[in-house]
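Colleague: Next comes work01.tsv, TSV, N, CA and C atoms:
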```
chain	number	residue	atom	x	y	z
A	1	ARG	N	51.46	32.44	59.94
A	1	ARG	CA	51.12	33.15	58.73
A	1	ARG	C	51.78	34.51	58.74
A	2	VAL	N	52.28	34.90	57.60
A	2	VAL	CA	52.99	36.17	57.48
A	2	VAL	C	52.35	36.98	56.36
A	3	GLY	N	52.18	38.27	56.59
A	3	GLY	CA	51.68	39.18	55.57
A	3	GLY	C	52.31	40.53	55.76
A	4	LEU	N	52.19	41.38	54.76
A	4	LEU	CA	52.68	42.75	54.85
A	4	LEU	C	51.49	43.68	55.02
A	5	GLY	N	51.69	44.72	55.80
A	5	GLY	CA	50.64	45.70	55.97
A	5	GLY	C	51.19	46.91	56.69
A	6	THR	N	50.36	47.89	56.85
A	6	THR	CA	50.73	49.07	57.60
A	6	THR	C	49.49	49.60	58.30
A	7	ASP	N	49.62	49.88	59.57
A	7	ASP	CA	48.45	50.33	60.31
A	7	ASP	C	48.73	51.49	61.26
A	8	SER	N	49.97	51.92	61.32
A	8	SER	CA	50.27	53.03	62.21
A	8	SER	C	51.57	53.70	61.80
A	9	PRO	N	51.76	54.95	62.23
A	9	PRO	CA	53.01	55.64	61.90
A	9	PRO	C	54.23	55.01	62.55
A	10	SER	N	54.03	54.14	63.54
A	10	SER	CA	55.20	53.51	64.16
A	10	SER	C	55.78	52.43	63.26
A	11	SER	N	54.98	51.89	62.35
A	11	SER	CA	55.51	50.86	61.45
A	11	SER	C	55.84	51.42	60.08
A	12	ALA	N	55.12	52.42	59.64
A	12	ALA	CA	55.38	53.04	58.34
A	12	ALA	C	54.97	54.50	58.42
A	13	LEU	N	55.92	55.36	58.24
A	13	LEU	CA	55.65	56.78	58.44
A	13	LEU	C	54.64	57.35	57.45
A	14	ASP	N	54.50	56.73	56.28
A	14	ASP	CA	53.63	57.32	55.27
A	14	ASP	C	52.46	56.42	54.85
A	15	PHE	N	52.28	55.29	55.49
A	15	PHE	CA	51.19	54.36	55.18
A	15	PHE	C	51.20	53.91	53.72
A	16	ASP	N	52.33	53.91	53.09
A	16	ASP	CA	52.47	53.58	51.67
A	16	ASP	C	52.77	52.08	51.52
A	17	MET	N	51.78	51.30	51.05
A	17	MET	CA	51.97	49.86	50.90
A	17	MET	C	53.04	49.52	49.88
A	18	TRP	N	53.20	50.35	48.85
A	18	TRP	CA	54.25	50.07	47.88
A	18	TRP	C	55.62	50.26	48.53
A	19	ALA	N	55.76	51.25	49.37
A	19	ALA	CA	57.02	51.44	50.10
A	19	ALA	C	57.27	50.26	51.02
A	20	GLU	N	56.20	49.72	51.63
A	20	GLU	CA	56.35	48.54	52.50
A	20	GLU	C	56.84	47.34	51.70
A	21	MET	N	56.26	47.12	50.53
A	21	MET	CA	56.69	45.99	49.70
A	21	MET	C	58.15	46.15	49.28
A	22	ARG	N	58.52	47.36	48.85
A	22	ARG	CA	59.90	47.59	48.43
A	22	ARG	C	60.87	47.46	49.60
A	23	ALA	N	60.46	47.92	50.79
A	23	ALA	CA	61.31	47.78	51.98
A	23	ALA	C	61.53	46.30	52.32
A	24	ALA	N	60.46	45.51	52.22
A	24	ALA	CA	60.59	44.07	52.48
A	24	ALA	C	61.56	43.42	51.49
A	25	ILE	N	61.46	43.83	50.24
A	25	ILE	CA	62.38	43.29	49.22
A	25	ILE	C	63.81	43.67	49.54
A	26	MET	N	64.05	44.93	49.87
A	26	MET	CA	65.41	45.39	50.16
A	26	MET	C	65.97	44.72	51.42
A	27	LEU	N	65.14	44.55	52.43
A	27	LEU	CA	65.60	43.88	53.65
A	27	LEU	C	65.92	42.42	53.38
A	28	ALA	N	65.12	41.76	52.56
A	28	ALA	CA	65.40	40.37	52.21
A	28	ALA	C	66.69	40.26	51.40
A	29	ARG	N	66.92	41.21	50.51
A	29	ARG	CA	68.16	41.22	49.74
A	29	ARG	C	69.37	41.39	50.65
A	30	ALA	N	69.24	42.29	51.62
A	30	ALA	CA	70.35	42.51	52.54
A	30	ALA	C	70.59	41.28	53.42
A	31	ARG	N	69.50	40.67	53.88
A	31	ARG	CA	69.62	39.50	54.75
A	31	ARG	C	70.21	38.31	54.01
A	32	THR	N	69.74	38.06	52.81
A	32	THR	CA	70.18	36.87	52.07
A	32	THR	C	71.42	37.15	51.22
A	33	ARG	N	71.72	38.43	51.02
A	33	ARG	CA	72.82	38.84	50.13
A	33	ARG	C	72.62	38.32	48.71
A	34	GLN	N	71.36	38.26	48.32
A	34	GLN	CA	71.01	37.82	46.97
A	34	GLN	C	69.97	38.78	46.40
A	35	ALA	N	70.12	39.10	45.11
A	35	ALA	CA	69.20	40.03	44.45
A	35	ALA	C	67.77	39.51	44.41
A	36	ASP	N	67.61	38.20	44.47
A	36	ASP	CA	66.27	37.62	44.43
A	36	ASP	C	65.85	37.07	45.80
A	37	GLY	N	66.33	37.69	46.87
A	37	GLY	CA	65.98	37.26	48.22
A	37	GLY	C	64.48	37.29	48.46
A	38	LEU	N	63.79	38.22	47.86
A	38	LEU	CA	62.33	38.30	47.87
A	38	LEU	C	61.93	38.92	46.54
A	39	LYS	N	61.18	38.18	45.76
A	39	LYS	CA	60.77	38.65	44.44
A	39	LYS	C	59.54	39.55	44.55
A	40	ALA	N	59.36	40.40	43.56
A	40	ALA	CA	58.21	41.32	43.54
A	40	ALA	C	56.90	40.55	43.62
A	41	GLU	N	56.81	39.44	42.94
A	41	GLU	CA	55.59	38.63	42.96
A	41	GLU	C	55.25	38.16	44.38
A	42	THR	N	56.27	37.74	45.12
A	42	THR	CA	56.06	37.28	46.49
A	42	THR	C	55.68	38.45	47.40
A	43	ALA	N	56.32	39.61	47.19
A	43	ALA	CA	55.98	40.80	47.99
A	43	ALA	C	54.52	41.19	47.78
A	44	LEU	N	54.05	41.16	46.54
A	44	LEU	CA	52.66	41.50	46.26
A	44	LEU	C	51.72	40.47	46.88
A	45	GLU	N	52.10	39.22	46.83
A	45	GLU	CA	51.30	38.16	47.45
A	45	GLU	C	51.24	38.37	48.98
A	46	LEU	N	52.37	38.77	49.58
A	46	LEU	CA	52.40	39.03	51.02
A	46	LEU	C	51.50	40.21	51.40
A	47	ALA	N	51.34	41.16	50.49
A	47	ALA	CA	50.53	42.35	50.77
A	47	ALA	C	49.05	42.14	50.45
A	48	THR	N	48.71	41.03	49.81
A	48	THR	CA	47.33	40.80	49.41
A	48	THR	C	46.81	39.48	50.00
A	49	VAL	N	47.03	38.39	49.32
A	49	VAL	CA	46.50	37.09	49.72
A	49	VAL	C	46.98	36.67	51.10
A	50	ARG	N	48.28	36.74	51.32
A	50	ARG	CA	48.82	36.30	52.61
A	50	ARG	C	48.45	37.24	53.75
A	51	ALA	N	48.37	38.54	53.47
A	51	ALA	CA	47.96	39.49	54.51
A	51	ALA	C	46.53	39.22	54.94
A	52	ALA	N	45.66	38.96	53.98
A	52	ALA	CA	44.26	38.63	54.30
A	52	ALA	C	44.19	37.37	55.15
A	53	ALA	N	44.95	36.36	54.78
A	53	ALA	CA	44.96	35.10	55.54
A	53	ALA	C	45.51	35.33	56.94
A	54	ALA	N	46.53	36.17	57.07
A	54	ALA	CA	47.17	36.41	58.37
A	54	ALA	C	46.20	37.05	59.38
A	55	ILE	N	45.24	37.83	58.87
A	55	ILE	CA	44.29	38.45	59.80
A	55	ILE	C	42.95	37.72	59.81
A	56	GLY	N	42.93	36.52	59.25
A	56	GLY	CA	41.75	35.67	59.30
A	56	GLY	C	40.65	36.03	58.32
A	57	LEU	N	40.99	36.80	57.27
A	57	LEU	CA	39.98	37.21	56.30
A	57	LEU	C	40.26	36.66	54.91
A	58	GLY	N	41.04	35.61	54.81
A	58	GLY	CA	41.40	35.03	53.53
A	58	GLY	C	40.22	34.55	52.70
A	59	GLY	N	39.14	34.18	53.34
A	59	GLY	CA	37.95	33.75	52.61
A	59	GLY	C	37.11	34.90	52.10
A	60	GLU	N	37.41	36.13	52.55
A	60	GLU	CA	36.59	37.29	52.19
A	60	GLU	C	37.31	38.30	51.30
A	61	ILE	N	38.61	38.46	51.49
A	61	ILE	CA	39.38	39.47	50.75
A	61	ILE	C	40.73	38.91	50.38
A	62	GLY	N	41.51	39.70	49.66
A	62	GLY	CA	42.90	39.34	49.38
A	62	GLY	C	43.18	38.91	47.96
A	63	SER	N	42.15	38.50	47.23
A	63	SER	CA	42.33	38.09	45.84
A	63	SER	C	41.06	38.39	45.06
A	64	LEU	N	41.19	38.48	43.76
A	64	LEU	CA	40.03	38.68	42.90
A	64	LEU	C	39.45	37.32	42.57
A	65	THR	N	38.56	36.88	43.44
A	65	THR	CA	37.97	35.55	43.35
A	65	THR	C	36.46	35.68	43.53
A	66	ALA	N	35.70	34.91	42.77
A	66	ALA	CA	34.25	34.93	42.90
A	66	ALA	C	33.85	34.69	44.35
A	67	GLY	N	32.94	35.51	44.85
A	67	GLY	CA	32.46	35.38	46.22
A	67	GLY	C	33.19	36.25	47.22
A	68	LYS	N	34.35	36.79	46.84
A	68	LYS	CA	35.08	37.68	47.74
A	68	LYS	C	34.71	39.13	47.43
A	69	ALA	N	35.00	40.02	48.39
A	69	ALA	CA	34.74	41.45	48.19
A	69	ALA	C	35.55	41.94	47.00
A	70	ALA	N	34.95	42.78	46.20
A	70	ALA	CA	35.63	43.31	45.02
A	70	ALA	C	36.44	44.54	45.42
A	71	ASP	N	37.59	44.32	46.05
A	71	ASP	CA	38.48	45.41	46.45
A	71	ASP	C	39.59	45.50	45.41
A	72	VAL	N	39.68	46.66	44.74
A	72	VAL	CA	40.61	46.82	43.62
A	72	VAL	C	41.28	48.18	43.70
A	73	VAL	N	42.56	48.23	43.37
A	73	VAL	CA	43.28	49.48	43.20
A	73	VAL	C	43.77	49.50	41.77
A	74	VAL	N	43.47	50.59	41.06
A	74	VAL	CA	43.93	50.75	39.67
A	74	VAL	C	45.05	51.77	39.69
A	75	LEU	N	46.21	51.36	39.18
A	75	LEU	CA	47.38	52.24	39.13
A	75	LEU	C	47.56	52.81	37.74
A	76	ASP	N	48.01	54.05	37.68
A	76	ASP	CA	48.40	54.68	36.42
A	76	ASP	C	49.93	54.70	36.42
A	77	LEU	N	50.51	53.84	35.61
A	77	LEU	CA	51.97	53.73	35.57
A	77	LEU	C	52.58	54.55	34.44
A	78	ALA	N	51.82	55.47	33.87
A	78	ALA	CA	52.35	56.36	32.83
A	78	ALA	C	53.52	57.15	33.42
A	79	GLY	N	54.59	57.19	32.71
A	79	GLY	CA	55.77	57.90	33.18
A	79	GLY	C	56.64	57.10	34.13
A	80	SER	N	56.21	55.90	34.49
A	80	SER	CA	57.01	55.05	35.36
A	80	SER	C	58.18	54.49	34.55
A	81	PRO	N	59.32	54.30	35.20
A	81	PRO	CA	60.45	53.69	34.48
A	81	PRO	C	60.25	52.20	34.23
A	82	PHE	N	59.19	51.64	34.78
A	82	PHE	CA	58.92	50.21	34.62
A	82	PHE	C	57.88	50.01	33.54
A	83	LEU	N	58.11	49.09	32.68
A	83	LEU	CA	57.19	48.83	31.59
A	83	LEU	C	56.19	47.78	32.02
A	84	PRO	N	54.95	48.19	32.28
A	84	PRO	CA	53.97	47.23	32.80
A	84	PRO	C	53.66	46.10	31.84
A	85	TRP	N	53.84	46.31	30.56
A	85	TRP	CA	53.53	45.23	29.62
A	85	TRP	C	54.61	44.18	29.61
A	86	ASP	N	55.81	44.47	30.10
A	86	ASP	CA	56.85	43.45	30.20
A	86	ASP	C	56.61	42.54	31.40
A	87	ASP	N	56.32	43.14	32.54
A	87	ASP	CA	56.05	42.38	33.76
A	87	ASP	C	55.15	43.24	34.65
A	88	PRO	N	53.83	43.07	34.55
A	88	PRO	CA	52.91	43.92	35.31
A	88	PRO	C	53.10	43.86	36.82
A	89	VAL	N	53.47	42.72	37.35
A	89	VAL	CA	53.64	42.59	38.80
A	89	VAL	C	54.84	43.42	39.26
A	90	THR	N	55.96	43.27	38.59
A	90	THR	CA	57.15	44.04	38.95
A	90	THR	C	56.88	45.54	38.78
A	91	ALA	N	56.21	45.92	37.70
A	91	ALA	CA	55.88	47.33	37.48
A	91	ALA	C	55.00	47.86	38.60
A	92	THR	N	54.07	47.05	39.08
A	92	THR	CA	53.18	47.45	40.16
A	92	THR	C	53.93	47.65	41.47
A	93	VAL	N	54.78	46.69	41.81
A	93	VAL	CA	55.50	46.75	43.09
A	93	VAL	C	56.54	47.86	43.09
A	94	TYR	N	57.34	47.95	42.03
A	94	TYR	CA	58.42	48.95	42.00
A	94	TYR	C	57.95	50.32	41.55
A	95	GLY	N	56.91	50.39	40.73
A	95	GLY	CA	56.46	51.67	40.21
A	95	GLY	C	55.24	52.24	40.91
A	96	GLY	N	54.61	51.45	41.78
A	96	GLY	CA	53.41	51.91	42.46
A	96	GLY	C	53.69	52.91	43.56
A	97	SER	N	52.74	53.80	43.77
A	97	SER	CA	52.81	54.78	44.86
A	97	SER	C	51.42	55.36	45.03
A	98	PRO	N	51.14	55.97	46.18
A	98	PRO	CA	49.83	56.58	46.37
A	98	PRO	C	49.49	57.61	45.28
A	99	ASP	N	50.50	58.33	44.79
A	99	ASP	CA	50.27	59.33	43.75
A	99	ASP	C	49.85	58.72	42.42
A	100	ARG	N	50.13	57.45	42.22
A	100	ARG	CA	49.79	56.79	40.96
A	100	ARG	C	48.42	56.09	41.01
A	101	VAL	N	47.75	56.14	42.16
A	101	VAL	CA	46.43	55.51	42.26
A	101	VAL	C	45.43	56.32	41.44
A	102	ALA	N	44.78	55.66	40.49
A	102	ALA	CA	43.78	56.30	39.65
A	102	ALA	C	42.36	56.02	40.14
A	103	LEU	N	42.17	54.85	40.78
A	103	LEU	CA	40.84	54.44	41.19
A	103	LEU	C	40.95	53.40	42.30
A	104	THR	N	40.08	53.49	43.29
A	104	THR	CA	39.96	52.42	44.29
A	104	THR	C	38.50	52.00	44.37
A	105	ILE	N	38.31	50.69	44.49
A	105	ILE	CA	36.98	50.12	44.63
A	105	ILE	C	37.03	49.23	45.87
A	106	VAL	N	36.08	49.42	46.77
A	106	VAL	CA	35.99	48.62	47.99
A	106	VAL	C	34.62	47.96	48.01
A	107	ALA	N	34.62	46.64	48.11
A	107	ALA	CA	33.38	45.85	48.11
A	107	ALA	C	32.50	46.23	46.92
A	108	GLY	N	33.14	46.48	45.78
A	108	GLY	CA	32.41	46.78	44.56
A	108	GLY	C	31.96	48.23	44.42
A	109	GLU	N	32.28	49.08	45.39
A	109	GLU	CA	31.87	50.49	45.37
A	109	GLU	C	33.07	51.39	45.16
A	110	ILE	N	32.96	52.31	44.21
A	110	ILE	CA	34.06	53.26	43.97
A	110	ILE	C	34.21	54.15	45.18
A	111	ARG	N	35.41	54.16	45.74
A	111	ARG	CA	35.70	55.00	46.90
A	111	ARG	C	36.58	56.20	46.53
A	112	TYR	N	37.35	56.04	45.46
A	112	TYR	CA	38.22	57.14	45.04
A	112	TYR	C	38.40	57.05	43.53
A	113	ARG	N	38.30	58.20	42.88
A	113	ARG	CA	38.60	58.31	41.46
A	113	ARG	C	39.40	59.60	41.31
A	114	ARG	N	40.60	59.49	40.77
A	114	ARG	CA	41.46	60.65	40.64
A	114	ARG	C	40.72	61.78	39.91
A	115	GLY	N	40.81	62.96	40.47
A	115	GLY	CA	40.21	64.13	39.87
A	115	GLY	C	38.76	64.36	40.23
A	116	GLU	N	38.17	63.45	41.00
A	116	GLU	CA	36.77	63.59	41.40
A	116	GLU	C	36.66	63.54	42.91
A	117	SER	N	35.61	64.11	43.42
A	117	SER	CA	35.34	64.04	44.85
A	117	SER	C	34.35	62.91	45.08
A	118	VAL	N	34.87	61.72	45.31
A	118	VAL	CA	34.04	60.56	45.60
A	118	VAL	C	34.30	60.19	47.04
A	119	ARG	N	33.33	60.44	47.89
A	119	ARG	CA	33.49	60.14	49.31
A	119	ARG	C	32.39	59.22	49.77
A	120	PRO	N	32.74	58.22	50.57
A	120	PRO	CA	31.69	57.33	51.07
A	120	PRO	C	30.77	58.06	52.04
A	121	ASP	N	29.53	57.66	52.08
A	121	ASP	CA	28.57	58.22	53.01
A	121	ASP	C	28.84	57.62	54.39
A	122	VAL	N	29.39	58.42	55.28
A	122	VAL	CA	29.74	57.91	56.61
A	122	VAL	C	28.66	58.18	57.64
A	123	SER	N	27.60	58.85	57.26
A	123	SER	CA	26.58	59.22	58.24
A	123	SER	C	25.90	57.98	58.83
A	124	ALA	N	25.60	56.97	58.02
A	124	ALA	CA	24.97	55.75	58.53
A	124	ALA	C	25.90	55.02	59.48
A	125	ALA	N	27.18	54.92	59.10
A	125	ALA	CA	28.16	54.25	59.96
A	125	ALA	C	28.33	55.01	61.28
A	126	ARG	N	28.36	56.32	61.20
A	126	ARG	CA	28.50	57.15	62.41
A	126	ARG	C	27.29	56.96	63.33
A	127	ALA	N	26.09	56.96	62.76
A	127	ALA	CA	24.88	56.77	63.57
A	127	ALA	C	24.88	55.40	64.24
A	128	LYS	N	25.33	54.39	63.53
A	128	LYS	CA	25.39	53.03	64.09
A	128	LYS	C	26.37	52.98	65.26
A	129	MET	N	27.52	53.66	65.13
A	129	MET	CA	28.51	53.68	66.20
A	129	MET	C	27.96	54.39	67.44
A	130	ILE	N	27.22	55.47	67.23
A	130	ILE	CA	26.69	56.23	68.35
A	130	ILE	C	25.64	55.42	69.10
A	131	GLN	N	24.85	54.64	68.35
A	131	GLN	CA	23.77	53.85	68.95
A	131	GLN	C	24.26	52.54	69.56
A	132	ALA	N	25.44	52.13	69.22
A	132	ALA	CA	25.96	50.83	69.71
A	132	ALA	C	26.14	50.88	71.22
A	133	PRO	N	25.73	49.81	71.89
A	133	PRO	CA	25.92	49.76	73.35
A	133	PRO	C	27.41	49.68	73.69
A	134	ARG	N	27.77	50.37	74.71
A	134	ARG	CA	29.17	50.35	75.17
A	134	ARG	C	29.31	49.37	76.30
A	135	GLY	N	30.42	48.67	76.28
A	135	GLY	CA	30.55	47.71	77.36
A	135	GLY	C	31.84	47.21	77.53
```
Can you give me the file's structure in the form of C-alpha coordinates?
Modeller:
Amino acid sequence: RVGLGTDSPSSALDFDMWAEMRAAIMLARARTRQADGLKAETALELATVRAAAAIGLGGEIGSLTAGKAADVVVLDLAGSPFLPWDDPVTATVYGGSPDRVALTIVAGEIRYRRGESVRPDVSAARAKMIQAPRG
(Lines of atoms letter the chains of each structure in order from A and count residues from 1; the text may use other names and numbers.)
(Lines give C-alpha, C1' and ligand atoms only; values in the text may rest on other atoms or scores of the structure.)
Protein backbone atom coordinates (compact mmCIF):
# COMPACT_ATOMS: atom_id res chain seq x y z
CA ARG A 1 0.00 0.00 0.00
CA VAL A 2 1.24 3.44 -0.90
CA GLY A 3 0.14 6.81 0.44
CA LEU A 4 1.45 10.34 0.70
CA GLY A 5 2.11 12.04 3.98
CA THR A 6 4.54 14.09 5.97
CA ASP A 7 5.62 13.51 9.52
CA SER A 8 9.02 15.07 9.98
CA PRO A 9 11.31 17.78 8.66
CA SER A 10 13.50 15.09 7.11
CA SER A 11 10.77 14.24 4.60
CA ALA A 12 9.19 17.67 4.12
CA LEU A 13 10.74 20.85 5.40
CA ASP A 14 7.44 22.67 5.78
CA PHE A 15 4.89 19.89 6.55
CA ASP A 16 2.81 21.17 3.60
CA MET A 17 0.65 18.33 2.21
CA TRP A 18 -0.14 20.32 -0.91
CA ALA A 19 3.58 20.70 -1.58
CA GLU A 20 3.92 16.93 -1.07
CA MET A 21 1.19 16.22 -3.62
CA ARG A 22 2.71 18.62 -6.15
CA ALA A 23 6.20 17.15 -5.58
CA ALA A 24 4.83 13.64 -6.21
CA ILE A 25 3.23 14.86 -9.43
CA MET A 26 6.43 16.54 -10.61
CA LEU A 27 8.56 13.50 -9.76
CA ALA A 28 6.16 11.21 -11.62
CA ARG A 29 6.28 13.53 -14.63
CA ALA A 30 10.06 13.48 -14.59
CA ARG A 31 10.19 9.70 -14.17
CA THR A 32 7.64 8.90 -16.86
CA ARG A 33 8.47 11.88 -19.10
CA GLN A 34 4.74 12.39 -19.49
CA ALA A 35 2.61 15.34 -18.34
CA ASP A 36 0.03 12.94 -16.94
CA GLY A 37 2.50 10.67 -15.11
CA LEU A 38 0.47 11.28 -11.95
CA LYS A 39 -2.83 13.13 -12.13
CA ALA A 40 -4.05 15.55 -9.46
CA GLU A 41 -6.96 13.24 -8.67
CA THR A 42 -4.58 10.35 -7.95
CA ALA A 43 -2.30 12.57 -5.84
CA LEU A 44 -5.27 13.64 -3.70
CA GLU A 45 -6.36 10.03 -3.37
CA LEU A 46 -2.81 9.09 -2.27
CA ALA A 47 -2.92 11.81 0.39
CA THR A 48 -6.34 10.79 1.73
CA VAL A 49 -7.91 7.37 1.10
CA ARG A 50 -4.71 5.51 0.26
CA ALA A 51 -2.71 7.16 3.05
CA ALA A 52 -5.33 6.08 5.58
CA ALA A 53 -5.26 2.53 4.22
CA ALA A 54 -1.44 2.47 4.26
CA ILE A 55 -1.37 3.14 8.01
CA GLY A 56 -4.20 0.71 8.73
CA LEU A 57 -6.89 3.33 9.37
CA GLY A 58 -8.84 3.06 6.12
CA GLY A 59 -11.98 2.01 7.96
CA GLU A 60 -11.85 5.07 10.23
CA ILE A 61 -10.50 8.01 8.19
CA GLY A 62 -9.48 9.03 4.69
CA SER A 63 -12.83 9.69 3.05
CA LEU A 64 -16.12 11.40 3.77
CA THR A 65 -18.10 8.25 4.41
CA ALA A 66 -20.83 7.50 6.94
CA GLY A 67 -19.30 5.98 10.07
CA LYS A 68 -15.84 7.49 9.56
CA ALA A 69 -14.39 10.42 11.49
CA ALA A 70 -15.53 13.73 10.06
CA ASP A 71 -12.08 15.14 9.25
CA VAL A 72 -12.39 18.04 6.79
CA VAL A 73 -10.20 20.85 5.50
CA VAL A 74 -11.95 23.81 3.86
CA LEU A 75 -9.80 25.78 1.43
CA ASP A 76 -10.31 29.36 0.32
CA LEU A 77 -9.17 29.42 -3.30
CA ALA A 78 -10.02 33.10 -3.84
CA GLY A 79 -7.22 34.65 -5.81
CA SER A 80 -5.91 31.27 -6.91
CA PRO A 81 -5.00 30.98 -10.60
CA PHE A 82 -7.02 27.75 -10.66
CA LEU A 83 -10.73 27.91 -11.20
CA PRO A 84 -12.30 25.54 -8.69
CA TRP A 85 -15.58 25.40 -10.57
CA ASP A 86 -13.83 23.99 -13.65
CA ASP A 87 -12.08 21.17 -11.79
CA PRO A 88 -12.26 21.31 -7.97
CA VAL A 89 -9.75 18.49 -7.47
CA THR A 90 -7.07 20.08 -9.65
CA ALA A 91 -7.73 23.47 -8.03
CA THR A 92 -7.32 21.88 -4.60
CA VAL A 93 -4.07 20.08 -5.39
CA TYR A 94 -2.37 22.86 -7.37
CA GLY A 95 -3.88 25.86 -5.56
CA GLY A 96 -3.94 24.54 -2.00
CA SER A 97 -1.54 25.69 0.68
CA PRO A 98 -1.56 26.10 4.46
CA ASP A 99 -2.24 29.83 3.98
CA ARG A 100 -5.45 29.01 2.10
CA VAL A 101 -6.93 26.86 4.89
CA ALA A 102 -10.11 28.54 6.12
CA LEU A 103 -11.36 25.80 8.46
CA THR A 104 -10.33 22.40 9.79
CA ILE A 105 -12.63 19.90 11.44
CA VAL A 106 -11.29 16.79 13.19
CA ALA A 107 -13.71 14.05 14.26
CA GLY A 108 -16.54 16.53 13.78
CA GLU A 109 -14.97 19.21 16.01
CA ILE A 110 -13.73 22.55 14.69
CA ARG A 111 -10.01 22.75 15.40
CA TYR A 112 -9.15 25.82 13.36
CA ARG A 113 -11.12 28.69 11.87
CA ARG A 114 -9.22 31.46 10.11
CA GLY A 115 -9.29 34.66 12.11
CA GLU A 116 -10.38 33.00 15.36
CA SER A 117 -8.55 31.45 18.25
CA VAL A 118 -10.00 27.94 18.29
CA ARG A 119 -7.75 25.64 20.26
CA PRO A 120 -8.51 22.13 21.42
CA ASP A 121 -8.62 21.51 25.15
CA VAL A 122 -5.42 19.56 25.73
CA SER A 123 -5.62 19.46 29.52
CA ALA A 124 -7.57 16.16 29.60
CA ALA A 125 -5.18 14.54 27.12
CA ARG A 126 -2.18 15.81 29.09
CA ALA A 127 -3.59 14.45 32.37
CA LYS A 128 -4.22 11.07 30.75
CA MET A 129 -0.62 10.93 29.47
CA ILE A 130 0.77 11.79 32.90
CA GLN A 131 -1.34 9.09 34.58
CA ALA A 132 -0.56 6.40 32.01
CA PRO A 133 1.69 3.63 33.29
CA ARG A 134 5.13 3.61 31.75
CA GLY A 135 6.62 0.41 30.63
Colleague: Let me make sure I understand: among A:Arg50, A:Ala24, A:Leu75, A:Met17, which one has the smallest atom-to-atom distance to Leu38 (chain A) if we use all atoms listed in the file?
Modeller: A:Ala24
Colleague: One decimal, Å: what's the distance from CA of Leu103 (chain A) over to CA of Gly5 (chain A), could you say?
Modeller: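 Calculated distance between CA of Leu103 (chain A) and CA of Gly5 (chain A) is 19.8 Å.
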Colleague: Take every atom of region 9-23 of chain A listed in the file, fit an axis-aligned box around them, add 3 Å per side, and give the centre and edge lengths in Å to one decimal as AutoDock Vina command-line options.
Modeller:
```
--center_x 56.4 --center_y 51.7 --center_z 56.0 --size_x 16.3 --size_y 17.4 --size_z 22.3
```
Colleague: Excluding same-chain residues fewer than 6 positions from Asp71 (chain A), what lies within 5 Å of it counting only N, CA and C atoms, as a list in words?
Modeller: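 Here the answer would be Ile105, Val106, Ala107 and Gly108 of chain A.
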Colleague: Among region 25-117 of chain A, which ones does DSSP assign to strand (DSSP E) (computed from the backbone)? Answer as a short mmCIF file (atom, residue, chain, number, x, y, z; two decimals) with N, CA and C atoms, in the frame of the given file.
Modeller:
```
data_model
loop_
_atom_site.label_atom_id
_atom_site.label_comp_id
_atom_site.auth_asym_id
_atom_site.auth_seq_id
_atom_site.Cartn_x
_atom_site.Cartn_y
_atom_site.Cartn_z
N VAL A 72 39.68 46.66 44.74
CA VAL A 72 40.61 46.82 43.62
C VAL A 72 41.28 48.18 43.70
N VAL A 73 42.56 48.23 43.37
CA VAL A 73 43.28 49.48 43.20
C VAL A 73 43.77 49.50 41.77
N VAL A 74 43.47 50.59 41.06
CA VAL A 74 43.93 50.75 39.67
C VAL A 74 45.05 51.77 39.69
N LEU A 75 46.21 51.36 39.18
CA LEU A 75 47.38 52.24 39.13
C LEU A 75 47.56 52.81 37.74
N VAL A 101 47.75 56.14 42.16
CA VAL A 101 46.43 55.51 42.26
C VAL A 101 45.43 56.32 41.44
N ALA A 102 44.78 55.66 40.49
CA ALA A 102 43.78 56.30 39.65
C ALA A 102 42.36 56.02 40.14
N LEU A 103 42.17 54.85 40.78
CA LEU A 103 40.84 54.44 41.19
C LEU A 103 40.95 53.40 42.30
N THR A 104 40.08 53.49 43.29
CA THR A 104 39.96 52.42 44.29
C THR A 104 38.50 52.00 44.37
N ILE A 105 38.31 50.69 44.49
CA ILE A 105 36.98 50.12 44.63
C ILE A 105 37.03 49.23 45.87
N VAL A 106 36.08 49.42 46.77
CA VAL A 106 35.99 48.62 47.99
C VAL A 106 34.62 47.96 48.01
N GLU A 109 32.28 49.08 45.39
CA GLU A 109 31.87 50.49 45.37
C GLU A 109 33.07 51.39 45.16
N ILE A 110 32.96 52.31 44.21
CA ILE A 110 34.06 53.26 43.97
C ILE A 110 34.21 54.15 45.18
N ARG A 111 35.41 54.16 45.74
CA ARG A 111 35.70 55.00 46.90
C ARG A 111 36.58 56.20 46.53
N TYR A 112 37.35 56.04 45.46
CA TYR A 112 38.22 57.14 45.04
C TYR A 112 38.40 57.05 43.53
N ARG A 113 38.30 58.20 42.88
CA ARG A 113 38.60 58.31 41.46
C ARG A 113 39.40 59.60 41.31
#
```
